[in-house]
>>> print(open('target_34.pdb').read())   # PDB, C-alpha atoms (C1' of nucleotides)
ATOM      1  CA  MET W 373      -5.383  -4.625  -6.301
ATOM      2  CA  ILE W 374      -6.634  -2.140  -8.893
ATOM      3  CA  SER W 375      -7.047   1.304  -7.302
ATOM      4  CA  THR W 376      -9.795   3.862  -7.824
ATOM      5  CA  LYS W 377      -7.670   5.553 -10.454
ATOM      6  CA  GLY W 378      -7.783   2.498 -12.661
ATOM      7  CA  ARG W 379     -11.398   1.691 -11.935
ATOM      8  CA  TYR W 380     -12.652   5.247 -12.317
ATOM      9  CA  GLY W 381     -10.504   5.787 -15.386
ATOM     10  CA  LEU W 382     -12.094   2.808 -17.051
ATOM     11  CA  ARG W 383     -15.558   4.078 -16.176
ATOM     12  CA  VAL W 384     -14.741   7.480 -17.670
ATOM     13  CA  MET W 385     -13.710   5.768 -20.894
ATOM     14  CA  ILE W 386     -16.951   3.804 -20.986
ATOM     15  CA  ASP W 387     -18.936   6.950 -20.259
ATOM     16  CA  LEU W 388     -17.209   8.803 -23.070
ATOM     17  CA  ALA W 389     -17.956   5.949 -25.454
ATOM     18  CA  GLN W 390     -21.594   5.626 -24.396
ATOM     19  CA  ASN W 391     -22.308   9.341 -24.584
ATOM     20  CA  ASP W 392     -20.368  10.127 -27.708
ATOM     21  CA  ASN W 393     -22.244  12.716 -29.756
ATOM     22  CA  GLY W 394     -19.433  13.848 -31.984
ATOM     23  CA  SER W 395     -18.380  16.775 -29.800
ATOM     24  CA  TYR W 396     -16.734  17.212 -26.419
ATOM     25  CA  ILE W 397     -18.308  15.972 -23.205
ATOM     26  CA  PRO W 398     -17.833  18.136 -20.096
ATOM     27  CA  LEU W 399     -16.371  16.458 -17.034
ATOM     28  CA  LYS W 400     -19.236  17.818 -14.966
ATOM     29  CA  ASP W 401     -21.664  15.547 -16.805
ATOM     30  CA  ILE W 402     -19.423  12.507 -16.445
ATOM     31  CA  ALA W 403     -18.955  13.159 -12.733
ATOM     32  CA  GLU W 404     -22.721  13.364 -12.227
ATOM     33  CA  ARG W 405     -23.510  10.235 -14.201
ATOM     34  CA  GLN W 406     -20.743   8.242 -12.575
ATOM     35  CA  GLU W 407     -21.325   9.684  -9.102
ATOM     36  CA  ILE W 408     -17.642  10.484  -8.659
ATOM     37  CA  SER W 409     -16.244  13.795  -7.359
ATOM     38  CA  LYS W 410     -15.465  16.058 -10.317
ATOM     39  CA  LYS W 411     -12.370  17.335  -8.535
ATOM     40  CA  TYR W 412     -10.946  13.855  -8.221
ATOM     41  CA  LEU W 413     -11.830  12.996 -11.787
ATOM     42  CA  GLU W 414      -9.797  16.016 -12.941
ATOM     43  CA  ILE W 415      -6.642  14.239 -11.787
ATOM     44  CA  ILE W 416      -7.656  11.082 -13.571
ATOM     45  CA  VAL W 417      -8.617  12.594 -16.916
ATOM     46  CA  LYS W 418      -5.519  14.758 -16.890
ATOM     47  CA  GLN W 419      -3.447  11.594 -16.735
ATOM     48  CA  MET W 420      -5.471  10.098 -19.567
ATOM     49  CA  VAL W 421      -4.960  13.199 -21.727
ATOM     50  CA  GLU W 422      -1.217  13.123 -21.057
ATOM     51  CA  GLY W 423      -1.169   9.435 -21.903
ATOM     52  CA  GLY W 424      -2.849  10.132 -25.233
ATOM     53  CA  LEU W 425      -5.941   8.091 -24.411
ATOM     54  CA  ILE W 426      -8.369  10.989 -24.749
ATOM     55  CA  LYS W 427      -8.362  14.605 -25.906
ATOM     56  CA  GLY W 428      -9.366  17.606 -23.830
ATOM     57  CA  LEU W 429     -10.603  21.034 -24.907
ATOM     58  CA  SER W 430     -10.793  24.050 -22.624
ATOM     59  CA  GLY W 431     -13.459  26.731 -22.589
ATOM     60  CA  LYS W 432     -17.164  26.865 -23.208
ATOM     61  CA  GLY W 433     -18.294  23.888 -25.247
ATOM     62  CA  GLY W 434     -15.178  22.076 -24.138
ATOM     63  CA  GLY W 435     -14.724  18.743 -22.445
ATOM     64  CA  TYR W 436     -13.207  15.416 -23.349
ATOM     65  CA  ARG W 437     -13.540  12.839 -26.090
ATOM     66  CA  LEU W 438     -12.018   9.583 -27.232
ATOM     67  CA  VAL W 439      -9.328   9.695 -29.900
ATOM     68  CA  LYS W 440      -9.993   6.174 -31.190
ATOM     69  CA  LYS W 441     -12.990   3.920 -31.686
ATOM     70  CA  PRO W 442     -13.954   1.945 -28.553
ATOM     71  CA  GLU W 443     -12.907  -1.344 -30.192
ATOM     72  CA  LYS W 444      -9.393   0.032 -30.594
ATOM     73  CA  TYR W 445      -8.823   0.441 -26.846
ATOM     74  CA  THR W 446      -7.927  -2.466 -24.617
ATOM     75  CA  VAL W 447      -8.688  -2.559 -20.894
ATOM     76  CA  GLY W 448      -5.030  -3.396 -20.376
ATOM     77  CA  GLU W 449      -3.691  -0.229 -21.933
ATOM     78  CA  ILE W 450      -6.119   1.902 -19.923
ATOM     79  CA  LEU W 451      -5.253   0.232 -16.627
ATOM     80  CA  THR W 452      -1.527   0.276 -17.336
ATOM     81  CA  LEU W 453      -1.638   4.008 -17.881
ATOM     82  CA  MET W 454      -3.595   4.641 -14.692
ATOM     83  CA  GLU W 455      -1.827   2.152 -12.444
ATOM     84  CA  GLY W 456       1.704   2.553 -13.754
ATOM     85  CA  THR W 457       2.065  -1.197 -13.971
ATOM     86  CA  ILE W 458      -0.198  -4.176 -13.632
ATOM     87  CA  SER W 459       2.523  -6.651 -12.708
ATOM     88  CA  SER W 460       1.547  -8.898  -9.849
ATOM     89  CA  VAL W 461       4.955  -8.776  -8.157
ATOM     90  CA  ALA W 462       7.680  -6.154  -7.808
ATOM     91  CA  CYS W 463      10.200  -8.575  -9.339
ATOM     92  CA  LEU W 464       8.449  -8.224 -12.690
ATOM     93  CA  ALA W 465       7.246  -4.629 -12.507
ATOM     94  CA  GLU W 466      10.530  -3.068 -13.569
ATOM     95  CA  LYS W 467      12.297  -4.265 -16.682
ATOM     96  CA  ASP W 468      15.713  -3.898 -15.080
ATOM     97  CA  TYR W 469      14.852  -5.349 -11.706
ATOM     98  CA  ASN W 470      18.031  -7.187 -10.828
ATOM     99  CA  CYS W 471      17.111  -9.427  -7.940
ATOM    100  CA  PRO W 472      20.275 -11.334  -7.018
ATOM    101  CA  ARG W 473      18.186 -14.466  -6.602
ATOM    102  CA  ARG W 474      16.417 -14.401  -9.953
ATOM    103  CA  LYS W 475      18.447 -17.350 -11.281
ATOM    104  CA  LYS W 476      17.606 -19.636  -8.402
ATOM    105  CA  CYS W 477      14.204 -18.291  -7.360
ATOM    106  CA  ASP W 478      11.640 -21.097  -7.242
ATOM    107  CA  THR W 479       8.701 -18.744  -7.426
ATOM    108  CA  LEU W 480       9.716 -16.536 -10.348
ATOM    109  CA  PRO W 481       8.521 -18.932 -13.094
ATOM    110  CA  MET W 482       5.110 -19.089 -11.481
ATOM    111  CA  TRP W 483       4.883 -15.302 -11.209
ATOM    112  CA  LYS W 484       5.828 -15.000 -14.857
ATOM    113  CA  GLU W 485       3.140 -17.444 -15.885
ATOM    114  CA  PHE W 486       0.606 -15.692 -13.696
ATOM    115  CA  ASP W 487       1.516 -12.280 -15.086
ATOM    116  CA  SER W 488       1.142 -13.631 -18.572
ATOM    117  CA  ILE W 489      -2.386 -14.898 -17.877
ATOM    118  CA  VAL W 490      -3.382 -11.559 -16.373
ATOM    119  CA  HIS W 491      -1.844  -9.685 -19.267
ATOM    120  CA  ASP W 492      -3.595 -11.832 -21.856
ATOM    121  CA  TYR W 493      -6.970 -11.312 -20.243
ATOM    122  CA  LEU W 494      -6.701  -7.558 -19.829
ATOM    123  CA  TYR W 495      -5.202  -6.852 -23.237
ATOM    124  CA  GLY W 496      -7.704  -9.184 -24.864
ATOM    125  CA  LYS W 497     -10.645  -7.294 -23.420
ATOM    126  CA  LYS W 498     -11.698  -4.254 -25.459
ATOM    127  CA  LEU W 499     -13.444  -1.103 -24.315
ATOM    128  CA  SER W 500     -16.226  -1.963 -26.761
ATOM    129  CA  ASP W 501     -16.822  -5.194 -24.855
ATOM    130  CA  LEU W 502     -17.954  -3.159 -21.857
ATOM    131  CA  LEU W 503     -20.587  -0.907 -23.442
TER
ATOM    132  CA  MET S1471       0.263  -6.341  -6.386
ATOM    133  CA  ILE S1472       1.409  -9.156  -4.127
ATOM    134  CA  SER S1473       3.447  -7.743  -1.215
ATOM    135  CA  THR S1474       6.607  -9.112   0.369
ATOM    136  CA  LYS S1475       4.495 -10.868   2.977
ATOM    137  CA  GLY S1476       2.863 -13.033   0.356
ATOM    138  CA  ARG S1477       6.022 -13.580  -1.647
ATOM    139  CA  TYR S1478       8.246 -14.307   1.341
ATOM    140  CA  GLY S1479       5.572 -16.468   2.931
ATOM    141  CA  LEU S1480       5.428 -18.605  -0.161
ATOM    142  CA  ARG S1481       9.211 -18.933  -0.202
ATOM    143  CA  VAL S1482       9.207 -20.011   3.444
ATOM    144  CA  MET S1483       6.693 -22.728   2.588
ATOM    145  CA  ILE S1484       8.864 -23.932  -0.285
ATOM    146  CA  ASP S1485      11.944 -23.878   1.940
ATOM    147  CA  LEU S1486      10.177 -25.926   4.605
ATOM    148  CA  ALA S1487       9.113 -28.458   1.990
ATOM    149  CA  GLN S1488      12.542 -28.693   0.391
ATOM    150  CA  ASN S1489      14.407 -29.065   3.665
ATOM    151  CA  ASP S1490      11.974 -31.338   5.421
ATOM    152  CA  ASN S1491      13.908 -33.859   7.524
ATOM    153  CA  GLY S1492      11.113 -34.994   9.781
ATOM    154  CA  SER S1493      11.882 -32.527  12.564
ATOM    155  CA  TYR S1494      11.623 -28.787  13.074
ATOM    156  CA  ILE S1495      13.582 -26.307  10.989
ATOM    157  CA  PRO S1496      14.876 -23.184  12.767
ATOM    158  CA  LEU S1497      13.944 -19.834  11.263
ATOM    159  CA  LYS S1498      17.604 -18.831  11.362
ATOM    160  CA  ASP S1499      18.392 -21.411   8.682
ATOM    161  CA  ILE S1500      15.471 -20.376   6.503
ATOM    162  CA  ALA S1501      16.441 -16.708   6.777
ATOM    163  CA  GLU S1502      20.008 -17.478   5.715
ATOM    164  CA  ARG S1503      19.003 -19.657   2.779
ATOM    165  CA  GLN S1504      16.360 -17.225   1.589
ATOM    166  CA  GLU S1505      18.448 -14.125   2.312
ATOM    167  CA  ILE S1506      15.611 -12.450   4.172
ATOM    168  CA  SER S1507      15.903 -10.694   7.562
ATOM    169  CA  LYS S1508      15.084 -13.190  10.309
ATOM    170  CA  LYS S1509      13.355 -10.463  12.282
ATOM    171  CA  TYR S1510      10.993  -9.730   9.434
ATOM    172  CA  LEU S1511      10.356 -13.411   8.803
ATOM    173  CA  GLU S1512       9.239 -13.775  12.407
ATOM    174  CA  ILE S1513       6.210 -11.624  11.623
ATOM    175  CA  ILE S1514       5.447 -13.693   8.570
ATOM    176  CA  VAL S1515       5.772 -17.162  10.093
ATOM    177  CA  LYS S1516       3.772 -16.070  13.134
ATOM    178  CA  GLN S1517       0.906 -15.270  10.804
ATOM    179  CA  MET S1518       1.311 -18.644   9.118
ATOM    180  CA  VAL S1519       1.248 -20.459  12.461
ATOM    181  CA  GLU S1520      -1.895 -18.572  13.511
ATOM    182  CA  GLY S1521      -3.462 -19.406  10.178
ATOM    183  CA  GLY S1522      -2.756 -23.094  10.713
ATOM    184  CA  LEU S1523      -0.470 -23.397   7.698
ATOM    185  CA  ILE S1524       2.567 -24.494   9.691
ATOM    186  CA  LYS S1525       3.450 -25.529  13.232
ATOM    187  CA  GLY S1526       6.033 -23.863  15.464
ATOM    188  CA  LEU S1527       7.987 -25.253  18.418
ATOM    189  CA  SER S1528       9.928 -23.112  20.889
ATOM    190  CA  GLY S1529      13.234 -23.921  22.496
ATOM    191  CA  LYS S1530      16.352 -25.777  21.519
ATOM    192  CA  GLY S1531      15.690 -28.124  18.653
ATOM    193  CA  GLY S1532      12.626 -26.066  17.806
ATOM    194  CA  GLY S1533      11.617 -24.359  14.620
ATOM    195  CA  TYR S1534       8.827 -24.739  12.121
ATOM    196  CA  ARG S1535       7.379 -27.477   9.951
ATOM    197  CA  LEU S1536       4.540 -28.089   7.538
ATOM    198  CA  VAL S1537       1.369 -29.689   8.848
ATOM    199  CA  LYS S1538       0.352 -31.179   5.496
ATOM    200  CA  LYS S1539       2.056 -32.689   2.489
ATOM    201  CA  PRO S1540       3.204 -30.101  -0.087
ATOM    202  CA  GLU S1541       0.641 -31.332  -2.620
ATOM    203  CA  LYS S1542      -2.136 -30.508  -0.157
ATOM    204  CA  TYR S1543      -1.327 -26.794  -0.085
ATOM    205  CA  THR S1544      -2.426 -24.422  -2.829
ATOM    206  CA  VAL S1545      -0.633 -21.185  -3.619
ATOM    207  CA  GLY S1546      -4.008 -19.471  -3.332
ATOM    208  CA  GLU S1547      -4.572 -20.445   0.275
ATOM    209  CA  ILE S1548      -1.064 -19.335   1.244
ATOM    210  CA  LEU S1549      -1.388 -15.959  -0.468
ATOM    211  CA  THR S1550      -4.899 -15.364   0.850
ATOM    212  CA  LEU S1551      -3.681 -15.880   4.398
ATOM    213  CA  MET S1552      -0.743 -13.511   3.950
ATOM    214  CA  GLU S1553      -2.483 -10.824   1.888
ATOM    215  CA  GLY S1554      -5.897 -10.877   3.526
ATOM    216  CA  THR S1555      -7.566 -11.002   0.148
ATOM    217  CA  ILE S1556      -6.481 -11.498  -3.422
ATOM    218  CA  SER S1557      -9.448  -9.774  -5.026
ATOM    219  CA  SER S1558      -8.457  -7.458  -7.837
ATOM    220  CA  VAL S1559     -10.921  -4.723  -6.876
ATOM    221  CA  ALA S1560     -12.341  -3.404  -3.613
ATOM    222  CA  CYS S1561     -15.883  -4.024  -4.918
ATOM    223  CA  LEU S1562     -15.263  -7.768  -4.689
ATOM    224  CA  ALA S1563     -12.924  -7.957  -1.703
ATOM    225  CA  GLU S1564     -15.644  -7.801   0.925
ATOM    226  CA  LYS S1565     -18.613 -10.122   0.764
ATOM    227  CA  ASP S1566     -21.005  -7.442   1.956
ATOM    228  CA  TYR S1567     -19.644  -4.581  -0.105
ATOM    229  CA  ASN S1568     -22.801  -2.699  -0.984
ATOM    230  CA  CYS S1569     -21.813  -0.346  -3.758
ATOM    231  CA  PRO S1570     -24.963   1.570  -4.696
ATOM    232  CA  ARG S1571     -24.025   1.195  -8.349
ATOM    233  CA  ARG S1572     -23.513  -2.556  -8.393
ATOM    234  CA  LYS S1573     -26.722  -3.159 -10.359
ATOM    235  CA  LYS S1574     -25.833  -0.772 -13.157
ATOM    236  CA  CYS S1575     -22.042  -0.943 -13.088
ATOM    237  CA  ASP S1576     -20.688  -1.734 -16.540
ATOM    238  CA  THR S1577     -17.330  -2.897 -15.217
ATOM    239  CA  LEU S1578     -18.423  -5.259 -12.443
ATOM    240  CA  PRO S1579     -19.043  -8.287 -14.707
ATOM    241  CA  MET S1580     -15.542  -7.945 -16.130
ATOM    242  CA  TRP S1581     -13.991  -7.698 -12.658
ATOM    243  CA  LYS S1582     -15.886 -10.797 -11.608
ATOM    244  CA  GLU S1583     -14.645 -12.730 -14.603
ATOM    245  CA  PHE S1584     -11.114 -11.504 -14.025
ATOM    246  CA  ASP S1585     -11.213 -12.424 -10.347
ATOM    247  CA  SER S1586     -12.415 -15.859 -11.269
ATOM    248  CA  ILE S1587      -9.493 -16.433 -13.640
ATOM    249  CA  VAL S1588      -7.008 -15.290 -11.004
ATOM    250  CA  HIS S1589      -8.646 -17.456  -8.380
ATOM    251  CA  ASP S1590      -8.614 -20.536 -10.605
ATOM    252  CA  TYR S1591      -4.937 -20.141 -11.394
ATOM    253  CA  LEU S1592      -3.775 -19.580  -7.825
ATOM    254  CA  TYR S1593      -5.912 -22.274  -6.247
ATOM    255  CA  GLY S1594      -5.013 -24.692  -9.008
ATOM    256  CA  LYS S1595      -1.306 -24.290  -8.373
ATOM    257  CA  LYS S1596       0.023 -26.508  -5.585
ATOM    258  CA  LEU S1597       3.016 -25.987  -3.331
ATOM    259  CA  SER S1598       4.442 -29.238  -4.702
ATOM    260  CA  ASP S1599       4.437 -27.678  -8.193
ATOM    261  CA  LEU S1600       7.077 -25.213  -7.022
ATOM    262  CA  LEU S1601       9.694 -27.543  -5.554
TER
ATOM    263  C1'  DC T 315      19.453 -27.284  37.540
ATOM    264  C1'  DC T 316      21.706 -24.530  34.068
ATOM    265  C1'  DT T 317      22.586 -22.854  29.667
ATOM    266  C1'  DA T 318      22.042 -22.307  24.958
ATOM    267  C1'  DT T 319      18.725 -22.063  21.532
ATOM    268  C1'  DT T 320      14.652 -20.898  19.649
ATOM    269  C1'  DT T 321       9.960 -19.185  19.251
ATOM    270  C1'  DC T 322       6.719 -15.760  20.853
ATOM    271  C1'  DC T 323       5.116 -11.078  21.884
ATOM    272  C1'  DT T 324       4.741  -5.983  22.058
ATOM    273  C1'  DA T 325       6.102  -1.849  20.463
ATOM    274  C1'  DC T 326       8.092   1.497  17.363
ATOM    275  C1'  DT T 327       9.376   3.907  12.933
ATOM    276  C1'  DA T 328      10.305   5.720   8.376
ATOM    277  C1'  DT T 329       8.567   6.021   3.973
ATOM    278  C1'  DG T 330       5.247   5.982   0.629
ATOM    279  C1'  DT T 331       0.615   5.544  -1.509
ATOM    280  C1'  DC T 332      -4.298   6.379  -1.730
ATOM    281  C1'  DA T 333      -8.094   9.130  -2.169
ATOM    282  C1'  DA T 334      -9.236  12.845  -2.234
ATOM    283  C1'  DT T 335      -9.937  18.491  -1.434
ATOM    284  C1'  DA T 336      -8.890  23.491  -2.405
ATOM    285  C1'  DG T 337      -8.170  27.522  -4.985
ATOM    286  C1'  DG T 338      -7.313  29.745  -8.797
ATOM    287  C1'  DA T 339      -5.092  30.519 -13.657
ATOM    288  C1'  DA T 340      -5.665  29.833 -18.544
ATOM    289  C1'  DT T 341      -8.552  28.938 -22.455
ATOM    290  C1'  DT T 342     -12.464  29.168 -25.486
ATOM    291  C1'  DT T 343     -17.250  30.207 -27.220
ATOM    292  C1'  DG T 344     -21.233  32.997 -27.812
TER
ATOM    293  C1'  DC O 791     -17.078  40.696 -21.788
ATOM    294  C1'  DA O 792     -19.196  36.736 -19.367
ATOM    295  C1'  DA O 793     -19.859  32.021 -18.702
ATOM    296  C1'  DA O 794     -18.131  27.577 -18.941
ATOM    297  C1'  DT O 795     -14.626  24.596 -18.864
ATOM    298  C1'  DT O 796     -10.012  22.569 -18.659
ATOM    299  C1'  DC O 797      -5.476  22.993 -16.656
ATOM    300  C1'  DC O 798      -2.167  23.454 -12.804
ATOM    301  C1'  DT O 799      -0.064  23.454  -8.105
ATOM    302  C1'  DA O 800      -0.388  22.491  -3.485
ATOM    303  C1'  DT O 801      -2.095  20.236   0.660
ATOM    304  C1'  DT O 802      -4.119  16.760   3.715
ATOM    305  C1'  DG O 803      -5.574  12.660   6.575
ATOM    306  C1'  DA O 804      -5.573   7.984   6.803
ATOM    307  C1'  DC O 805      -3.561   3.804   6.088
ATOM    308  C1'  DA O 806      -0.273   0.219   4.417
ATOM    309  C1'  DT O 807       4.339  -1.421   3.663
ATOM    310  C1'  DA O 808       8.569  -3.088   5.096
ATOM    311  C1'  DG O 809      10.884  -3.424   8.230
ATOM    312  C1'  DT O 810      13.752  -2.815  13.292
ATOM    313  C1'  DA O 811      14.301  -3.425  18.460
ATOM    314  C1'  DG O 812      14.249  -5.586  22.791
ATOM    315  C1'  DG O 813      13.142  -8.944  25.614
ATOM    316  C1'  DA O 814       9.920 -12.783  27.676
ATOM    317  C1'  DA O 815       8.703 -17.599  27.497
ATOM    318  C1'  DA O 816       9.540 -22.296  26.266
ATOM    319  C1'  DT O 817      12.371 -26.375  25.479
ATOM    320  C1'  DA O 818      16.271 -29.814  24.997
ATOM    321  C1'  DG O 819      20.659 -31.535  26.236
ATOM    322  C1'  DG O 820      24.335 -31.981  29.515
TER
END
>>> encode(input="target_34.pdb", output="structure tokens")
Amino acid sequence: MISTKGRYGLRVMIDLAQNDNGSYIPLKDIAERQEISKKYLEIIVKQMVEGGLIKGLSGKGGGYRLVKKPEKYTVGEILTLMEGTISSVACLAEKDYNCPRRKKCDTLPMWKEFDSIVHDYLYGKKLSDLL
Amino acid sequence: MISTKGRYGLRVMIDLAQNDNGSYIPLKDIAERQEISKKYLEIIVKQMVEGGLIKGLSGKGGGYRLVKKPEKYTVGEILTLMEGTISSVACLAEKDYNCPRRKKCDTLPMWKEFDSIVHDYLYGKKLSDLL
DNA sequence: CCTATTTCCTACTATGTCAATAGGAATTTG
DNA sequence: CAAATTCCTATTGACATAGTAGGAAATAGG
């Protein structure tokens, strides 16, 4: 289940794209438009700045803005940054997950196929598709 | 993310199907084969009995067994019982979720489409496909 | 009837995550 | 210098996850 971090993060990205005027957009405005607590959004946008998804500028006239064109972002990359992983099962979340049963597990192939379908959908969907 | 309840529950169903001998299969055997704590499995199978997925019988010679043929179960119905819901976002998990922004939400259509893809995959996959 | 086996039931617990809130320091522009 | 804004650390309450523990009730075979 996608948490508020992922969902809100995506909405911030859409908001930034829709209200792009060439300069920085203050978080206060985004919080009001999206009806989300500004304090909580601070945590979210901080993570997005650290992840290189957006750029922040302090001080008067500051705010946030996208670093790429909306068609260059995928929903998958945004959600992965906010959620840590979008794997459906723990067995696939970590690259080096060494479940002793992985060779004989009857469910693993299905989880892999499922993960692949989810991945394809989310990485195929672009931010520009949501504007 | 699918929890251990869903994953283990599915494995119990597969185990019951694979070791079906016409009578009841004791949880002790399943726990040993699956390498899962019997105590924890008790919680899981109880939920499956209550949900009508399997049948339990107490006493010597007792255990659990499927109530339908493996091809009559879908992975979706098993996971839904164990997880409560398999919706990807809270906005869609409850039927009567009345988000005040649902009319103007730019992400809701995508979540609906995504949920539909997930649903189709999981309800299209049968228990018999995993044996 | 007795015993072994097995499910069934209630309760407890440790750990972690989620969804925020709070207060203030640092930065930048006019 | 003042106002606006991001940046940073800490804290909190509620809930879920992933079990563990102990024993009561049911059932079959001898």
>>> resolve_selection(input="target_34.pdb", expression="the PyMOL selection byres ((chain T) within 8 of (chain W))", output="VMD selection string")
chain T and resid 333 to 335 341 to 343
>>> atom_distance(input="target_34.pdb", atom1="atom CA of Ser1557 of chain S", atom2="atom CA of Asp1585 of chain S")
6.2 Å
>>> calpha_fit_and_write(input="target_34.pdb", fixed="chain S", moving="chain W", output="compact mmCIF listing (two decimals) with C-alpha atoms, keeping the file's coordinate frame")
# COMPACT_ATOMS: atom_id res chain seq x y z
CA MET W 373 0.31 -6.37 -6.47
CA ILE W 374 1.46 -9.19 -4.19
CA SER W 375 3.50 -7.77 -1.29
CA THR W 376 6.64 -9.14 0.31
CA LYS W 377 4.52 -10.87 2.91
CA GLY W 378 2.89 -13.04 0.30
CA ARG W 379 6.04 -13.59 -1.70
CA TYR W 380 8.25 -14.31 1.29
CA GLY W 381 5.57 -16.47 2.88
CA LEU W 382 5.44 -18.62 -0.20
CA ARG W 383 9.22 -18.95 -0.22
CA VAL W 384 9.19 -20.02 3.43
CA MET W 385 6.69 -22.73 2.57
CA ILE W 386 8.86 -23.95 -0.29
CA ASP W 387 11.93 -23.88 1.94
CA LEU W 388 10.15 -25.91 4.60
CA ALA W 389 9.09 -28.46 1.99
CA GLN W 390 12.54 -28.69 0.40
CA ASN W 391 14.38 -29.05 3.69
CA ASP W 392 11.96 -31.32 5.45
CA ASN W 393 13.87 -33.84 7.56
CA GLY W 394 11.07 -34.96 9.80
CA SER W 395 11.82 -32.50 12.60
CA TYR W 396 11.56 -28.76 13.09
CA ILE W 397 13.53 -26.29 11.00
CA PRO W 398 14.82 -23.16 12.78
CA LEU W 399 13.91 -19.82 11.27
CA LYS W 400 17.56 -18.81 11.37
CA ASP W 401 18.36 -21.40 8.71
CA ILE W 402 15.45 -20.36 6.51
CA ALA W 403 16.41 -16.70 6.79
CA GLU W 404 19.98 -17.49 5.72
CA ARG W 405 18.99 -19.67 2.79
CA GLN W 406 16.36 -17.24 1.58
CA GLU W 407 18.46 -14.14 2.30
CA ILE W 408 15.60 -12.47 4.16
CA SER W 409 15.90 -10.71 7.54
CA LYS W 410 15.06 -13.20 10.30
CA LYS W 411 13.31 -10.45 12.25
CA TYR W 412 10.96 -9.73 9.39
CA LEU W 413 10.33 -13.40 8.77
CA GLU W 414 9.20 -13.75 12.40
CA ILE W 415 6.16 -11.63 11.57
CA ILE W 416 5.42 -13.71 8.52
CA VAL W 417 5.75 -17.15 10.07
CA LYS W 418 3.75 -16.05 13.08
CA GLN W 419 0.88 -15.25 10.75
CA MET W 420 1.28 -18.63 9.07
CA VAL W 421 1.21 -20.44 12.43
CA GLU W 422 -1.92 -18.54 13.45
CA GLY W 423 -3.49 -19.39 10.11
CA GLY W 424 -2.80 -23.08 10.67
CA LEU W 425 -0.50 -23.38 7.67
CA ILE W 426 2.54 -24.47 9.67
CA LYS W 427 3.41 -25.49 13.22
CA GLY W 428 5.97 -23.83 15.45
CA LEU W 429 7.90 -25.20 18.42
CA SER W 430 9.81 -23.06 20.90
CA GLY W 431 13.10 -23.88 22.57
CA LYS W 432 16.24 -25.71 21.60
CA GLY W 433 15.59 -28.07 18.71
CA GLY W 434 12.55 -26.00 17.85
CA GLY W 435 11.54 -24.31 14.64
CA TYR W 436 8.78 -24.71 12.11
CA ARG W 437 7.34 -27.44 9.95
CA LEU W 438 4.52 -28.06 7.52
CA VAL W 439 1.34 -29.66 8.82
CA LYS W 440 0.32 -31.16 5.47
CA LYS W 441 2.06 -32.68 2.47
CA PRO W 442 3.21 -30.09 -0.10
CA GLU W 443 0.65 -31.34 -2.64
CA LYS W 444 -2.12 -30.50 -0.19
CA TYR W 445 -1.32 -26.78 -0.11
CA THR W 446 -2.41 -24.43 -2.85
CA VAL W 447 -0.61 -21.18 -3.67
CA GLY W 448 -3.98 -19.47 -3.36
CA GLU W 449 -4.57 -20.43 0.24
CA ILE W 450 -1.06 -19.32 1.21
CA LEU W 451 -1.37 -15.96 -0.51
CA THR W 452 -4.88 -15.37 0.80
CA LEU W 453 -3.67 -15.85 4.34
CA MET W 454 -0.73 -13.50 3.90
CA GLU W 455 -2.45 -10.83 1.83
CA GLY W 456 -5.85 -10.87 3.49
CA THR W 457 -7.52 -11.01 0.11
CA ILE W 458 -6.42 -11.51 -3.45
CA SER W 459 -9.39 -9.76 -5.03
CA SER W 460 -8.40 -7.44 -7.83
CA VAL W 461 -10.86 -4.70 -6.86
CA ALA W 462 -12.27 -3.40 -3.58
CA CYS W 463 -15.81 -4.03 -4.85
CA LEU W 464 -15.18 -7.77 -4.64
CA ALA W 465 -12.83 -7.94 -1.67
CA GLU W 466 -15.54 -7.81 0.98
CA LYS W 467 -18.48 -10.16 0.82
CA ASP W 468 -20.89 -7.49 2.03
CA TYR W 469 -19.57 -4.63 -0.04
CA ASN W 470 -22.74 -2.77 -0.88
CA CYS W 471 -21.79 -0.40 -3.65
CA PRO W 472 -24.96 1.51 -4.56
CA ARG W 473 -24.05 1.14 -8.22
CA ARG W 474 -23.50 -2.61 -8.28
CA LYS W 475 -26.72 -3.23 -10.24
CA LYS W 476 -25.86 -0.84 -13.03
CA CYS W 477 -22.06 -0.99 -12.98
CA ASP W 478 -20.71 -1.79 -16.44
CA THR W 479 -17.36 -2.91 -15.13
CA LEU W 480 -18.41 -5.28 -12.36
CA PRO W 481 -19.03 -8.31 -14.63
CA MET W 482 -15.56 -7.95 -16.06
CA TRP W 483 -13.97 -7.70 -12.61
CA LYS W 484 -15.85 -10.81 -11.55
CA GLU W 485 -14.62 -12.73 -14.57
CA PHE W 486 -11.09 -11.50 -14.01
CA ASP W 487 -11.17 -12.44 -10.33
CA SER W 488 -12.38 -15.87 -11.26
CA ILE W 489 -9.47 -16.43 -13.66
CA VAL W 490 -6.98 -15.29 -11.04
CA HIS W 491 -8.60 -17.46 -8.41
CA ASP W 492 -8.59 -20.53 -10.64
CA TYR W 493 -4.92 -20.14 -11.43
CA LEU W 494 -3.75 -19.59 -7.87
CA TYR W 495 -5.90 -22.28 -6.29
CA GLY W 496 -4.98 -24.70 -9.06
CA LYS W 497 -1.28 -24.30 -8.40
CA LYS W 498 0.06 -26.52 -5.61
CA LEU W 499 3.04 -25.98 -3.36
CA SER W 500 4.45 -29.24 -4.72
CA ASP W 501 4.47 -27.70 -8.20
CA LEU W 502 7.10 -25.23 -7.04
CA LEU W 503 9.71 -27.57 -5.54
>>> atom_distance(input="target_34.pdb", atom1="atom CA of Thr446 of chain W", atom2="atom CA of Tyr493 of chain W")
9.9 Å
>>> resolve_selection(input="target_34.pdb", expression="the PyMOL selection byres ((chain W) within 10 of (chain S))", output="JSON, numbers by chain")
{"W": [373, 374, 375, 376, 378, 379, 380, 382, 383, 386, 387, 406, 407, 447, 457, 458, 459, 460, 461, 462, 465, 472, 473, 477, 478, 479, 480, 481, 482, 483, 485, 486, 487, 489, 490, 493, 494, 497, 501, 502, 503]}
